[in-house]
$ cat upload.pdb   # PDB, C-alpha atoms
MODEL        1
ATOM      1  CA  MET A1265     -44.641 -60.054 -53.603
ATOM      2  CA  ASP A1266     -42.743 -58.640 -56.575
ATOM      3  CA  ASN A1267     -45.117 -55.671 -56.628
ATOM      4  CA  MET A1268     -44.499 -55.093 -52.912
ATOM      5  CA  LYS A1269     -40.719 -55.102 -53.452
ATOM      6  CA  PHE A1270     -41.146 -52.697 -56.354
ATOM      7  CA  PHE A1271     -43.168 -50.222 -54.279
ATOM      8  CA  ASN A1272     -40.749 -50.537 -51.342
ATOM      9  CA  THR A1273     -37.887 -49.739 -53.688
ATOM     10  CA  LEU A1274     -39.732 -46.700 -55.061
ATOM     11  CA  PHE A1275     -40.502 -45.521 -51.525
ATOM     12  CA  THR A1276     -36.853 -45.884 -50.483
ATOM     13  CA  LEU A1277     -35.670 -43.961 -53.542
ATOM     14  CA  ALA A1278     -38.189 -41.223 -52.820
ATOM     15  CA  ILE A1279     -36.933 -40.865 -49.232
ATOM     16  CA  ILE A1280     -33.323 -40.751 -50.411
ATOM     17  CA  SER A1281     -34.188 -38.074 -52.984
ATOM     18  CA  LEU A1282     -35.977 -36.027 -50.323
ATOM     19  CA  LEU A1283     -33.010 -36.227 -47.954
ATOM     20  CA  LEU A1284     -30.636 -35.181 -50.718
ATOM     21  CA  LEU A1285     -32.889 -32.243 -51.576
ATOM     22  CA  ILE A1286     -32.990 -31.100 -47.950
ATOM     23  CA  SER A1287     -29.219 -31.403 -47.589
ATOM     24  CA  ASN A1288     -28.715 -29.171 -50.632
ATOM     25  CA  VAL A1289     -30.953 -26.316 -49.414
ATOM     26  CA  PRO A1290     -28.790 -23.156 -49.296
ATOM     27  CA  CYS A1291     -27.482 -22.172 -45.868
ATOM     28  CA  GLU A1292     -29.457 -18.913 -46.043
ATOM     29  CA  ALA A1293     -32.600 -20.956 -45.388
ATOM     30  CA  GLN A1294     -31.465 -21.238 -41.762
ATOM     31  CA  LEU A1295     -31.715 -17.479 -41.356
ATOM     32  CA  SER A1296     -34.975 -16.001 -40.136
ATOM     33  CA  PRO A1297     -36.254 -12.603 -38.975
ATOM     34  CA  THR A1298     -37.823 -14.497 -36.046
ATOM     35  CA  PHE A1299     -34.681 -16.429 -35.095
ATOM     36  CA  TYR A1300     -34.568 -15.005 -31.542
ATOM     37  CA  ASP A1301     -38.318 -14.718 -30.939
ATOM     38  CA  THR A1302     -38.348 -17.457 -28.314
ATOM     39  CA  THR A1303     -34.763 -17.321 -27.010
ATOM     40  CA  CYS A1304     -34.343 -13.524 -26.790
ATOM     41  CA  PRO A1305     -37.581 -11.811 -27.866
ATOM     42  CA  ASN A1306     -36.421  -8.280 -26.955
ATOM     43  CA  ALA A1307     -33.026  -8.499 -28.674
ATOM     44  CA  ALA A1308     -33.844  -6.222 -31.608
ATOM     45  CA  THR A1309     -35.422  -3.594 -29.343
ATOM     46  CA  ILE A1310     -32.469  -3.623 -26.935
ATOM     47  CA  ILE A1311     -30.000  -3.206 -29.790
ATOM     48  CA  ARG A1312     -32.040  -0.484 -31.498
ATOM     49  CA  THR A1313     -32.265   1.540 -28.267
ATOM     50  CA  SER A1314     -28.531   1.241 -27.679
ATOM     51  CA  ILE A1315     -27.663   2.275 -31.238
ATOM     52  CA  ARG A1316     -30.048   5.245 -31.186
ATOM     53  CA  ARG A1317     -28.454   6.416 -27.942
ATOM     54  CA  ALA A1318     -24.981   6.306 -29.498
ATOM     55  CA  ILE A1319     -26.065   8.168 -32.641
ATOM     56  CA  SER A1320     -27.879  10.796 -30.586
ATOM     57  CA  ALA A1321     -24.572  11.443 -28.829
ATOM     58  CA  GLU A1322     -22.627  11.556 -32.114
ATOM     59  CA  ARG A1323     -24.516  11.624 -35.397
ATOM     60  CA  ARG A1324     -21.407  10.641 -37.375
ATOM     61  CA  MET A1325     -21.578   7.244 -35.664
ATOM     62  CA  ALA A1326     -24.364   6.186 -38.054
ATOM     63  CA  ALA A1327     -21.950   6.227 -40.984
ATOM     64  CA  SER A1328     -19.264   4.523 -38.899
ATOM     65  CA  LEU A1329     -21.539   1.595 -38.016
ATOM     66  CA  ILE A1330     -22.663   1.039 -41.609
ATOM     67  CA  ARG A1331     -19.015   1.079 -42.706
ATOM     68  CA  LEU A1332     -18.012  -1.271 -39.879
ATOM     69  CA  HIS A1333     -20.615  -3.792 -41.058
ATOM     70  CA  PHE A1334     -19.414  -3.435 -44.655
ATOM     71  CA  HIS A1335     -15.777  -3.981 -43.690
ATOM     72  CA  ASP A1336     -16.780  -7.050 -41.686
ATOM     73  CA  CYS A1337     -18.792  -8.697 -44.447
ATOM     74  CA  PHE A1338     -16.132  -8.210 -47.141
ATOM     75  CA  VAL A1339     -13.551 -10.170 -45.120
ATOM     76  CA  GLN A1340     -14.414 -13.874 -44.683
ATOM     77  CA  GLY A1341     -18.114 -13.019 -44.538
ATOM     78  CA  CYS A1342     -20.418 -11.368 -41.992
ATOM     79  CA  ASP A1343     -18.957 -13.127 -38.956
ATOM     80  CA  ALA A1344     -17.868 -10.250 -36.676
ATOM     81  CA  SER A1345     -14.215 -11.097 -37.366
ATOM     82  CA  ILE A1346     -13.426  -7.389 -37.630
ATOM     83  CA  LEU A1347     -14.297  -6.964 -33.948
ATOM     84  CA  LEU A1348     -11.602  -9.339 -32.668
ATOM     85  CA  ASP A1349      -8.507  -7.900 -30.978
ATOM     86  CA  ASP A1350      -4.950  -9.117 -31.470
ATOM     87  CA  THR A1351      -3.941 -12.235 -29.529
ATOM     88  CA  SER A1352      -1.092 -14.700 -29.740
ATOM     89  CA  THR A1353      -3.066 -16.595 -32.384
ATOM     90  CA  ILE A1354      -5.109 -13.810 -34.030
ATOM     91  CA  GLN A1355      -3.858 -10.981 -36.230
ATOM     92  CA  SER A1356      -6.637  -8.446 -35.864
ATOM     93  CA  GLU A1357      -8.309  -7.015 -38.936
ATOM     94  CA  LYS A1358      -8.348  -3.719 -37.066
ATOM     95  CA  ASN A1359      -4.679  -3.325 -38.014
ATOM     96  CA  ALA A1360      -5.259  -3.694 -41.767
ATOM     97  CA  LEU A1361      -4.457  -0.645 -43.878
ATOM     98  CA  PRO A1362      -8.134   0.115 -44.754
ATOM     99  CA  ASN A1363      -9.140  -0.164 -41.064
ATOM    100  CA  ASN A1364      -6.288   1.155 -38.939
ATOM    101  CA  ASN A1365      -7.102   4.553 -37.399
ATOM    102  CA  SER A1366     -10.106   4.665 -39.712
ATOM    103  CA  VAL A1367     -12.837   2.144 -38.931
ATOM    104  CA  ARG A1368     -14.667   2.997 -35.719
ATOM    105  CA  GLY A1369     -17.745   2.136 -33.663
ATOM    106  CA  PHE A1370     -16.313  -0.912 -31.910
ATOM    107  CA  GLU A1371     -17.267   0.379 -28.470
ATOM    108  CA  VAL A1372     -20.852   1.019 -29.636
ATOM    109  CA  ILE A1373     -21.247  -2.608 -30.726
ATOM    110  CA  GLU A1374     -19.695  -3.815 -27.460
ATOM    111  CA  ALA A1375     -22.141  -1.672 -25.493
ATOM    112  CA  ALA A1376     -25.134  -3.064 -27.403
ATOM    113  CA  LYS A1377     -23.812  -6.601 -26.928
ATOM    114  CA  ARG A1378     -23.425  -6.066 -23.145
ATOM    115  CA  GLU A1379     -27.045  -4.987 -22.881
ATOM    116  CA  VAL A1380     -28.231  -8.009 -24.876
ATOM    117  CA  GLU A1381     -26.048 -10.305 -22.742
ATOM    118  CA  ARG A1382     -27.725  -9.021 -19.590
ATOM    119  CA  ALA A1383     -31.113 -10.016 -20.988
ATOM    120  CA  CYS A1384     -30.103 -13.232 -22.791
ATOM    121  CA  PRO A1385     -26.623 -14.560 -22.008
ATOM    122  CA  ARG A1386     -24.792 -16.376 -24.833
ATOM    123  CA  VAL A1387     -27.749 -16.279 -27.237
ATOM    124  CA  VAL A1388     -27.316 -13.396 -29.710
ATOM    125  CA  SER A1389     -24.181 -13.312 -31.861
ATOM    126  CA  CYS A1390     -21.974 -10.272 -32.333
ATOM    127  CA  ALA A1391     -22.443 -10.750 -36.091
ATOM    128  CA  ASP A1392     -26.196 -10.280 -35.700
ATOM    129  CA  VAL A1393     -25.725  -7.324 -33.337
ATOM    130  CA  LEU A1394     -23.556  -5.617 -35.952
ATOM    131  CA  THR A1395     -25.986  -6.414 -38.779
ATOM    132  CA  LEU A1396     -28.947  -4.996 -36.850
ATOM    133  CA  ALA A1397     -26.864  -1.981 -35.803
ATOM    134  CA  ALA A1398     -26.173  -1.069 -39.444
ATOM    135  CA  ARG A1399     -29.881  -1.179 -40.263
ATOM    136  CA  ASP A1400     -30.783   0.848 -37.171
ATOM    137  CA  ALA A1401     -28.050   3.389 -37.990
ATOM    138  CA  SER A1402     -29.558   3.974 -41.429
ATOM    139  CA  VAL A1403     -33.004   4.558 -39.964
ATOM    140  CA  ALA A1404     -31.660   6.899 -37.270
ATOM    141  CA  VAL A1405     -30.427   9.397 -39.883
ATOM    142  CA  GLY A1406     -33.427   9.226 -42.188
ATOM    143  CA  GLY A1407     -32.344   6.302 -44.335
ATOM    144  CA  PRO A1408     -34.307   3.200 -45.329
ATOM    145  CA  SER A1409     -35.150   0.261 -43.119
ATOM    146  CA  TRP A1410     -35.128  -3.389 -44.146
ATOM    147  CA  THR A1411     -35.893  -6.790 -42.705
ATOM    148  CA  VAL A1412     -32.813  -8.466 -41.225
ATOM    149  CA  ARG A1413     -32.755 -12.246 -41.281
ATOM    150  CA  LEU A1414     -30.971 -13.475 -38.171
ATOM    151  CA  GLY A1415     -29.053 -16.540 -37.075
ATOM    152  CA  ARG A1416     -25.442 -15.645 -37.889
ATOM    153  CA  ARG A1417     -22.713 -17.015 -35.656
ATOM    154  CA  ASP A1418     -19.348 -15.528 -34.758
ATOM    155  CA  SER A1419     -15.974 -16.533 -36.113
ATOM    156  CA  THR A1420     -13.082 -17.751 -34.002
ATOM    157  CA  THR A1421     -10.608 -16.340 -36.512
ATOM    158  CA  ALA A1422      -9.776 -13.101 -38.315
ATOM    159  CA  SER A1423      -7.818 -12.419 -41.490
ATOM    160  CA  LEU A1424      -5.484  -9.456 -41.644
ATOM    161  CA  THR A1425      -4.373 -10.659 -45.078
ATOM    162  CA  LEU A1426      -7.891 -10.666 -46.550
ATOM    163  CA  ALA A1427      -8.666  -7.319 -44.937
ATOM    164  CA  ASN A1428      -5.702  -5.865 -46.801
ATOM    165  CA  SER A1429      -6.636  -7.476 -50.126
ATOM    166  CA  ASP A1430     -10.438  -7.725 -50.369
ATOM    167  CA  LEU A1431     -11.711  -4.337 -49.231
ATOM    168  CA  PRO A1432     -12.316  -1.754 -51.985
ATOM    169  CA  GLY A1433     -10.218   1.381 -51.630
ATOM    170  CA  PRO A1434     -10.720   5.132 -52.114
ATOM    171  CA  PHE A1435      -8.374   5.215 -55.122
ATOM    172  CA  ASP A1436      -9.863   2.214 -56.970
ATOM    173  CA  ASN A1437     -10.943   2.554 -60.585
ATOM    174  CA  LEU A1438     -14.344   1.393 -61.798
ATOM    175  CA  THR A1439     -13.129  -1.987 -63.021
ATOM    176  CA  ARG A1440     -11.571  -2.772 -59.649
ATOM    177  CA  LEU A1441     -14.708  -1.676 -57.769
ATOM    178  CA  ILE A1442     -17.016  -3.802 -59.902
ATOM    179  CA  SER A1443     -14.649  -6.773 -59.567
ATOM    180  CA  ALA A1444     -14.339  -6.459 -55.775
ATOM    181  CA  PHE A1445     -18.115  -6.534 -55.365
ATOM    182  CA  LYS A1446     -18.579  -9.298 -57.927
ATOM    183  CA  ASP A1447     -16.150 -11.444 -55.932
ATOM    184  CA  LYS A1448     -18.610 -11.200 -53.036
ATOM    185  CA  GLY A1449     -21.641 -12.071 -55.162
ATOM    186  CA  LEU A1450     -22.781  -8.458 -55.558
ATOM    187  CA  SER A1451     -23.662  -6.738 -58.823
ATOM    188  CA  ALA A1452     -22.426  -3.457 -60.265
ATOM    189  CA  ARG A1453     -25.785  -1.957 -59.296
ATOM    190  CA  ASP A1454     -25.289  -3.175 -55.721
ATOM    191  CA  MET A1455     -21.866  -1.528 -55.744
ATOM    192  CA  VAL A1456     -23.236   1.844 -56.868
ATOM    193  CA  ALA A1457     -26.092   1.640 -54.359
ATOM    194  CA  LEU A1458     -23.812   0.699 -51.452
ATOM    195  CA  SER A1459     -21.420   3.500 -52.412
ATOM    196  CA  GLY A1460     -24.347   5.756 -51.571
ATOM    197  CA  GLY A1461     -23.558   5.056 -47.935
ATOM    198  CA  HIS A1462     -21.158   7.968 -48.458
ATOM    199  CA  THR A1463     -24.178  10.254 -48.266
ATOM    200  CA  ILE A1464     -23.200  10.391 -44.569
ATOM    201  CA  GLY A1465     -19.853  10.285 -42.823
ATOM    202  CA  GLN A1466     -16.443  11.853 -43.279
ATOM    203  CA  ALA A1467     -13.116  11.061 -44.903
ATOM    204  CA  GLN A1468      -9.539  11.911 -43.967
ATOM    205  CA  CYS A1469      -7.581  14.488 -45.976
ATOM    206  CA  SER A1470      -4.946  11.919 -46.958
ATOM    207  CA  LEU A1471      -7.609  10.009 -48.904
ATOM    208  CA  PHE A1472      -8.708  12.915 -51.122
ATOM    209  CA  ARG A1473      -5.709  15.288 -51.144
ATOM    210  CA  THR A1474      -4.460  14.150 -54.552
ATOM    211  CA  ARG A1475      -7.914  14.628 -56.064
ATOM    212  CA  ILE A1476      -8.494  18.178 -54.844
ATOM    213  CA  TYR A1477      -5.041  19.355 -55.941
ATOM    214  CA  SER A1478      -5.115  17.575 -59.297
ATOM    215  CA  ASN A1479      -6.713  20.443 -61.268
ATOM    216  CA  GLY A1480      -8.402  17.680 -63.249
ATOM    217  CA  THR A1481     -11.436  18.020 -65.466
ATOM    218  CA  ASN A1482     -13.450  15.642 -63.275
ATOM    219  CA  ILE A1483     -13.604  17.955 -60.257
ATOM    220  CA  ASP A1484     -15.480  21.222 -59.822
ATOM    221  CA  PRO A1485     -12.859  23.966 -59.138
ATOM    222  CA  ASN A1486     -14.997  25.691 -56.496
ATOM    223  CA  PHE A1487     -15.514  22.389 -54.691
ATOM    224  CA  ALA A1488     -11.771  21.709 -54.806
ATOM    225  CA  ASN A1489     -11.028  25.154 -53.339
ATOM    226  CA  THR A1490     -13.515  24.594 -50.525
ATOM    227  CA  ARG A1491     -11.972  21.262 -49.576
ATOM    228  CA  ARG A1492      -8.411  22.666 -49.710
ATOM    229  CA  ARG A1493      -9.186  24.942 -46.743
ATOM    230  CA  GLN A1494      -9.099  21.989 -44.378
ATOM    231  CA  CYS A1495      -6.703  19.803 -46.378
ATOM    232  CA  PRO A1496      -3.297  21.400 -47.067
ATOM    233  CA  GLN A1497      -0.886  19.959 -49.621
ATOM    234  CA  THR A1498       1.395  18.856 -46.805
ATOM    235  CA  GLY A1499       0.391  17.874 -43.289
ATOM    236  CA  GLY A1500      -3.112  17.584 -41.879
ATOM    237  CA  GLY A1501      -3.579  14.104 -43.272
ATOM    238  CA  SER A1502      -6.093  13.171 -40.584
ATOM    239  CA  ASN A1503      -8.230  16.305 -41.033
ATOM    240  CA  LEU A1504     -11.818  15.357 -41.790
ATOM    241  CA  ALA A1505     -14.231  16.529 -44.466
ATOM    242  CA  PRO A1506     -17.840  15.411 -45.072
ATOM    243  CA  LEU A1507     -18.323  12.959 -47.912
ATOM    244  CA  ASP A1508     -21.512  14.843 -48.788
ATOM    245  CA  LEU A1509     -20.973  18.597 -48.753
ATOM    246  CA  VAL A1510     -24.695  19.430 -48.894
ATOM    247  CA  THR A1511     -26.385  17.272 -46.222
ATOM    248  CA  PRO A1512     -23.524  15.482 -44.428
ATOM    249  CA  ASN A1513     -25.647  14.152 -41.557
ATOM    250  CA  SER A1514     -28.767  13.056 -43.456
ATOM    251  CA  PHE A1515     -29.291   9.931 -45.503
ATOM    252  CA  ASP A1516     -30.478  11.081 -48.942
ATOM    253  CA  ASN A1517     -29.479  10.995 -52.612
ATOM    254  CA  ASN A1518     -27.349  14.166 -52.572
ATOM    255  CA  TYR A1519     -24.263  11.958 -52.821
ATOM    256  CA  TYR A1520     -25.218  11.181 -56.434
ATOM    257  CA  ARG A1521     -26.207  14.769 -57.191
ATOM    258  CA  ASN A1522     -22.759  15.805 -55.988
ATOM    259  CA  ILE A1523     -21.139  13.315 -58.356
ATOM    260  CA  VAL A1524     -23.155  14.662 -61.285
ATOM    261  CA  GLN A1525     -21.806  18.121 -60.373
ATOM    262  CA  ARG A1526     -18.223  16.717 -60.194
ATOM    263  CA  ARG A1527     -18.229  17.101 -56.412
ATOM    264  CA  GLY A1528     -17.510  13.546 -55.363
ATOM    265  CA  LEU A1529     -14.937  13.722 -52.561
ATOM    266  CA  LEU A1530     -13.024  10.485 -53.197
ATOM    267  CA  ASP A1531     -11.653   9.214 -56.487
ATOM    268  CA  SER A1532     -13.778   6.092 -55.982
ATOM    269  CA  ASP A1533     -16.869   8.308 -55.694
ATOM    270  CA  GLN A1534     -16.343  10.377 -58.834
ATOM    271  CA  ILE A1535     -15.222   7.358 -60.868
ATOM    272  CA  LEU A1536     -18.815   6.110 -60.760
ATOM    273  CA  LEU A1537     -19.612   8.782 -63.360
ATOM    274  CA  SER A1538     -16.742   8.567 -65.802
ATOM    275  CA  GLY A1539     -18.205   7.355 -69.074
ATOM    276  CA  GLY A1540     -18.483   3.775 -67.856
ATOM    277  CA  SER A1541     -21.180   1.233 -67.092
ATOM    278  CA  ALA A1542     -22.163   2.902 -63.795
ATOM    279  CA  ASP A1543     -23.117   6.251 -65.352
ATOM    280  CA  SER A1544     -26.766   5.409 -65.930
ATOM    281  CA  ILE A1545     -27.202   4.121 -62.377
ATOM    282  CA  VAL A1546     -25.703   7.279 -60.871
ATOM    283  CA  THR A1547     -28.052   9.354 -63.015
ATOM    284  CA  GLU A1548     -31.051   7.267 -61.929
ATOM    285  CA  TYR A1549     -30.254   7.661 -58.254
ATOM    286  CA  SER A1550     -29.559  11.389 -58.577
ATOM    287  CA  ASN A1551     -33.065  11.845 -59.977
ATOM    288  CA  ASN A1552     -34.948   9.273 -57.911
ATOM    289  CA  PRO A1553     -34.288   9.200 -54.142
ATOM    290  CA  ARG A1554     -36.894   6.483 -53.554
ATOM    291  CA  LEU A1555     -35.226   4.162 -56.044
ATOM    292  CA  PHE A1556     -31.868   4.730 -54.370
ATOM    293  CA  ALA A1557     -33.286   4.037 -50.903
ATOM    294  CA  SER A1558     -34.944   0.832 -52.113
ATOM    295  CA  ASP A1559     -31.848  -0.404 -53.937
ATOM    296  CA  PHE A1560     -29.608   0.473 -50.993
ATOM    297  CA  ALA A1561     -31.781  -1.548 -48.615
ATOM    298  CA  ASN A1562     -31.848  -4.556 -50.934
ATOM    299  CA  ALA A1563     -28.085  -4.381 -51.478
ATOM    300  CA  MET A1564     -27.507  -4.206 -47.716
ATOM    301  CA  ILE A1565     -29.582  -7.361 -47.282
ATOM    302  CA  ARG A1566     -27.527  -9.191 -49.895
ATOM    303  CA  MET A1567     -24.270  -7.953 -48.407
ATOM    304  CA  SER A1568     -25.329  -8.986 -44.900
ATOM    305  CA  GLU A1569     -25.700 -12.595 -46.015
ATOM    306  CA  ILE A1570     -22.236 -13.093 -47.529
ATOM    307  CA  GLN A1571     -20.459 -16.315 -46.480
ATOM    308  CA  LEU A1572     -22.183 -16.839 -43.134
ATOM    309  CA  LEU A1573     -21.447 -19.161 -40.232
ATOM    310  CA  LEU A1574     -24.709 -20.924 -39.354
ATOM    311  CA  GLY A1575     -26.027 -23.822 -37.312
ATOM    312  CA  GLN A1576     -23.191 -25.486 -35.421
ATOM    313  CA  ASN A1577     -20.481 -23.510 -37.203
ATOM    314  CA  GLY A1578     -18.795 -20.711 -35.302
ATOM    315  CA  ILE A1579     -19.631 -19.628 -31.764
ATOM    316  CA  ILE A1580     -21.635 -17.051 -29.810
ATOM    317  CA  ARG A1581     -19.105 -14.706 -28.229
ATOM    318  CA  ARG A1582     -19.757 -13.252 -24.791
ATOM    319  CA  VAL A1583     -17.796 -10.125 -25.698
ATOM    320  CA  CYS A1584     -17.234  -9.185 -29.295
ATOM    321  CA  ARG A1585     -13.541  -8.359 -29.152
ATOM    322  CA  ALA A1586     -12.422 -11.783 -27.888
ATOM    323  CA  ILE A1587     -12.988 -15.517 -28.237
ATOM    324  CA  ASN A1588     -14.837 -16.960 -25.249
TER
ENDMDL
END
$ encode --input "upload.pdb" --output "structure tokens"
Amino acid sequence: MDNMKFFNTLFTLAIISLLLLISNVPCEAQLSPTFYDTTCPNAATIIRTSIRRAISAERRMAASLIRLHFHDCFVQGCDASILLDDTSTIQSEKNALPNNNSVRGFEVIEAAKREVERACPRVVSCADVLTLAARDASVAVGGPSWTVRLGRRDSTTASLTLANSDLPGPFDNLTRLISAFKDKGLSARDMVALSGGHTIGQAQCSLFRTRIYSNGTNIDPNFANTRRRQCPQTGGGSNLAPLDLVTPNSFDNNYYRNIVQRRGLLDSDQILLSGGSADSIVTEYSNNPRLFASDFANAMIRMSEIQLLLGQNGIIRRVCRAIN
């Protein structure tokens, strides 16, 4: 009898230990590339087709969608909070200084979501639509692909305050950039790789005017003169210039080659090669496009899994700009 009680006690302890182990499994374990295989098997194809259509109409949209995903994930996690409009109870992140009249692509995500809703109502989250859209945007302009683990849910809140404080800016120094990414669980190498998203897209004159008129030693004079043509010292603040002067519509490693030649458009671009800890990474990527593409894909995966809403947390929005 005593032996039986002993074994029963051991068995009970083993069960308790197992339950505790299961309860402590990280939330990422609930994500899966096959999350929608039974509930919406064509979701990824529907989204990819919609995103390709948008980028075919405007190639710049690829950069806009990658940036939109980045700006979502850095503010209370990858929960599609950036897509929410103002309401009586929500202060939209769209109005934050880094986003206002700058971040774009909202209508492209809404269009992809509408098409998914027609096939599978209230199944696929806006957060997952946006995450897949960023991957598909990269591929559409010659960039890397990567496996997206799915199962994110949408927030019912947004944070204008965090959008104003947590997003890295175009005038940040290297210490601030490294710190901003570290706060989100990303390394300095991730930061340099993700900065390579500037191999496509454009920036407004107001964000690089000071740099091109600085006559500093960290900018190529010919490059500065070229950029001044479309960016006067006064006025024209919304005039656009390509972040990559060489191949502005193709995803490649010319962004880093430009930096080596002191032709980074933004202060936060050129600061990556300034005698600091990022120098060696910039040099690596400028010489090895395959390494950059691989590191960019891996960094995008890590970024896309920041502070997620999973399981019963959050909701599945019917439209991405509003709570159901």
$ closest_residue --input "upload.pdb" --among "A:Ala1457, A:Leu1574, A:Ala1307, A:Ile1464" --to "A:Met1325" --atoms "only C-alpha atoms"
A:Ile1464
$ resolve_selection --input "upload.pdb" --expression "the PyMOL selection byres ((chain A and resi 1317-1319) around 12)" --output "NGL selection string"
:A and (1310-1316 or 1320-1330 or 1369-1376 or 1397-1398 or 1400-1405 or 1513)
$ write_last_selection --input "upload.pdb" --atoms "C-alpha atoms" --output "compact mmCIF listing (two decimals), keeping the file's coordinate frame"
# COMPACT_ATOMS: atom_id res chain seq x y z
CA ILE A 1310 -32.47 -3.62 -26.94
CA ILE A 1311 -30.00 -3.21 -29.79
CA ARG A 1312 -32.04 -0.48 -31.50
CA THR A 1313 -32.26 1.54 -28.27
CA SER A 1314 -28.53 1.24 -27.68
CA ILE A 1315 -27.66 2.28 -31.24
CA ARG A 1316 -30.05 5.24 -31.19
CA SER A 1320 -27.88 10.80 -30.59
CA ALA A 1321 -24.57 11.44 -28.83
CA GLU A 1322 -22.63 11.56 -32.11
CA ARG A 1323 -24.52 11.62 -35.40
CA ARG A 1324 -21.41 10.64 -37.38
CA MET A 1325 -21.58 7.24 -35.66
CA ALA A 1326 -24.36 6.19 -38.05
CA ALA A 1327 -21.95 6.23 -40.98
CA SER A 1328 -19.26 4.52 -38.90
CA LEU A 1329 -21.54 1.60 -38.02
CA ILE A 1330 -22.66 1.04 -41.61
CA GLY A 1369 -17.74 2.14 -33.66
CA PHE A 1370 -16.31 -0.91 -31.91
CA GLU A 1371 -17.27 0.38 -28.47
CA VAL A 1372 -20.85 1.02 -29.64
CA ILE A 1373 -21.25 -2.61 -30.73
CA GLU A 1374 -19.70 -3.82 -27.46
CA ALA A 1375 -22.14 -1.67 -25.49
CA ALA A 1376 -25.13 -3.06 -27.40
CA ALA A 1397 -26.86 -1.98 -35.80
CA ALA A 1398 -26.17 -1.07 -39.44
CA ASP A 1400 -30.78 0.85 -37.17
CA ALA A 1401 -28.05 3.39 -37.99
CA SER A 1402 -29.56 3.97 -41.43
CA VAL A 1403 -33.00 4.56 -39.96
CA ALA A 1404 -31.66 6.90 -37.27
CA VAL A 1405 -30.43 9.40 -39.88
CA ASN A 1513 -25.65 14.15 -41.56
$ residues_around --input "upload.pdb" --residues "stretch 1544-1550 of chain A" --least-positions-apart "3" --cutoff "12 Å" --atoms "all atoms listed in the file" --output "PyMOL selection string"
chain A and resi 1451-1460+1463+1516-1525+1528+1533-1541+1553-1560
$ atom_distance --input "upload.pdb" --atom1 "atom CA of A:Ala1422" --atom2 "atom CA of A:Val1339"
8.3 Å
$ closest_residue --input "upload.pdb" --among "A:Cys1342, A:Ser1532, A:Asn1562, A:Ser1502" --to "A:Leu1441" --atoms "only C-alpha atoms"
A:Ser1532
$ closest_residue --input "upload.pdb" --among "A:Leu1509, A:Val1387, A:Cys1469, A:Leu1431" --to "A:Asn1363" --atoms "all atoms listed in the file"
A:Leu1431
$ residues_around --input "upload.pdb" --residues "stretch 1578-1581 of chain A" --least-positions-apart "2" --cutoff "12 Å" --atoms "all atoms listed in the file" --output "ChimeraX atom specification"
/A:1342-1345,1347-1348,1374,1377-1378,1380-1381,1384-1393,1415-1421,1572-1576,1583-1588
$ closest_residue --input "upload.pdb" --among "A:Arg1473, A:Arg1413, A:Arg1526, A:Arg1331" --to "A:Ala1505" --atoms "all atoms listed in the file"
A:Arg1473
$ closest_residue --input "upload.pdb" --among "A:Gln1571, A:Ser1429, A:Thr1474, A:Thr1439" --to "A:Ala1542" --atoms "all atoms listed in the file"
A:Thr1439
$ resolve_selection --input "upload.pdb" --expression "the PyMOL selection byres ((chain A and resi 1358) around 8)" --output "count of residues only"
12
$ atom_distance --input "upload.pdb" --atom1 "atom CA of A:Ala1444" --atom2 "atom CA of A:Asp1430"
6.8 Å
$ atom_distance --input "upload.pdb" --atom1 "atom CA of A:Glu1569" --atom2 "atom CA of A:Ser1409"
16.2 Å
$ closest_residue --input "upload.pdb" --among "A:Asp1531, A:Asp1508, A:Asp1484, A:Asp1301" --to "A:Asn1437" --atoms "only C-alpha atoms"
A:Asp1531
$ resolve_selection --input "upload.pdb" --expression "the PyMOL selection byres ((chain A and resi 1298) around 12)" --output "list in words"
Gln1294, Leu1295, Ser1296, Pro1297, Phe1299, Tyr1300, Asp1301, Thr1302, Thr1303, Cys1304, Pro1305, Asn1306, Ala1307, Ala1308, Thr1411, Val1412, Arg1413, Leu1414 and Gly1415 of chain A
$ residues_around --input "upload.pdb" --residues "A:Ser1470" --least-positions-apart "4" --cutoff "12 Å" --atoms "only C-alpha atoms" --output "VMD selection string"
chain A and resid 1366 1434 to 1435 1474 to 1477 1491 to 1492 1494 to 1505 1529 to 1531
$ axis_aligned_box --input "upload.pdb" --around "stretch 1407-1420 of chain A" --padding-each-side "8 Å" --output "lines of an AutoDock Vina configuration file"
center_x = -24.5
center_y = -5.7
center_z = -39.7
size_x = 38.8
size_y = 40.1
size_z = 27.3
$ decode --input "upload.pdb" --residues "stretch 1431-1444 of chain A" --atoms "C-alpha atoms" --output "compact mmCIF listing (two decimals), in the first residue's frame"
# COMPACT_ATOMS: atom_id res chain seq x y z
CA LEU A 1431 9.99 54.58 -33.60
CA PRO A 1432 13.58 55.29 -34.71
CA GLY A 1433 13.99 58.58 -36.55
CA PRO A 1434 15.96 59.85 -39.56
CA PHE A 1435 18.17 62.06 -37.37
CA ASP A 1436 19.02 59.41 -34.74
CA ASN A 1437 22.64 58.70 -33.86
CA LEU A 1438 24.04 55.17 -33.75
CA THR A 1439 23.58 54.74 -30.01
CA ARG A 1440 19.91 55.69 -30.23
CA LEU A 1441 19.33 53.35 -33.19
CA ILE A 1442 20.95 50.38 -31.47
CA SER A 1443 19.00 51.12 -28.28
CA ALA A 1444 15.64 51.44 -30.07
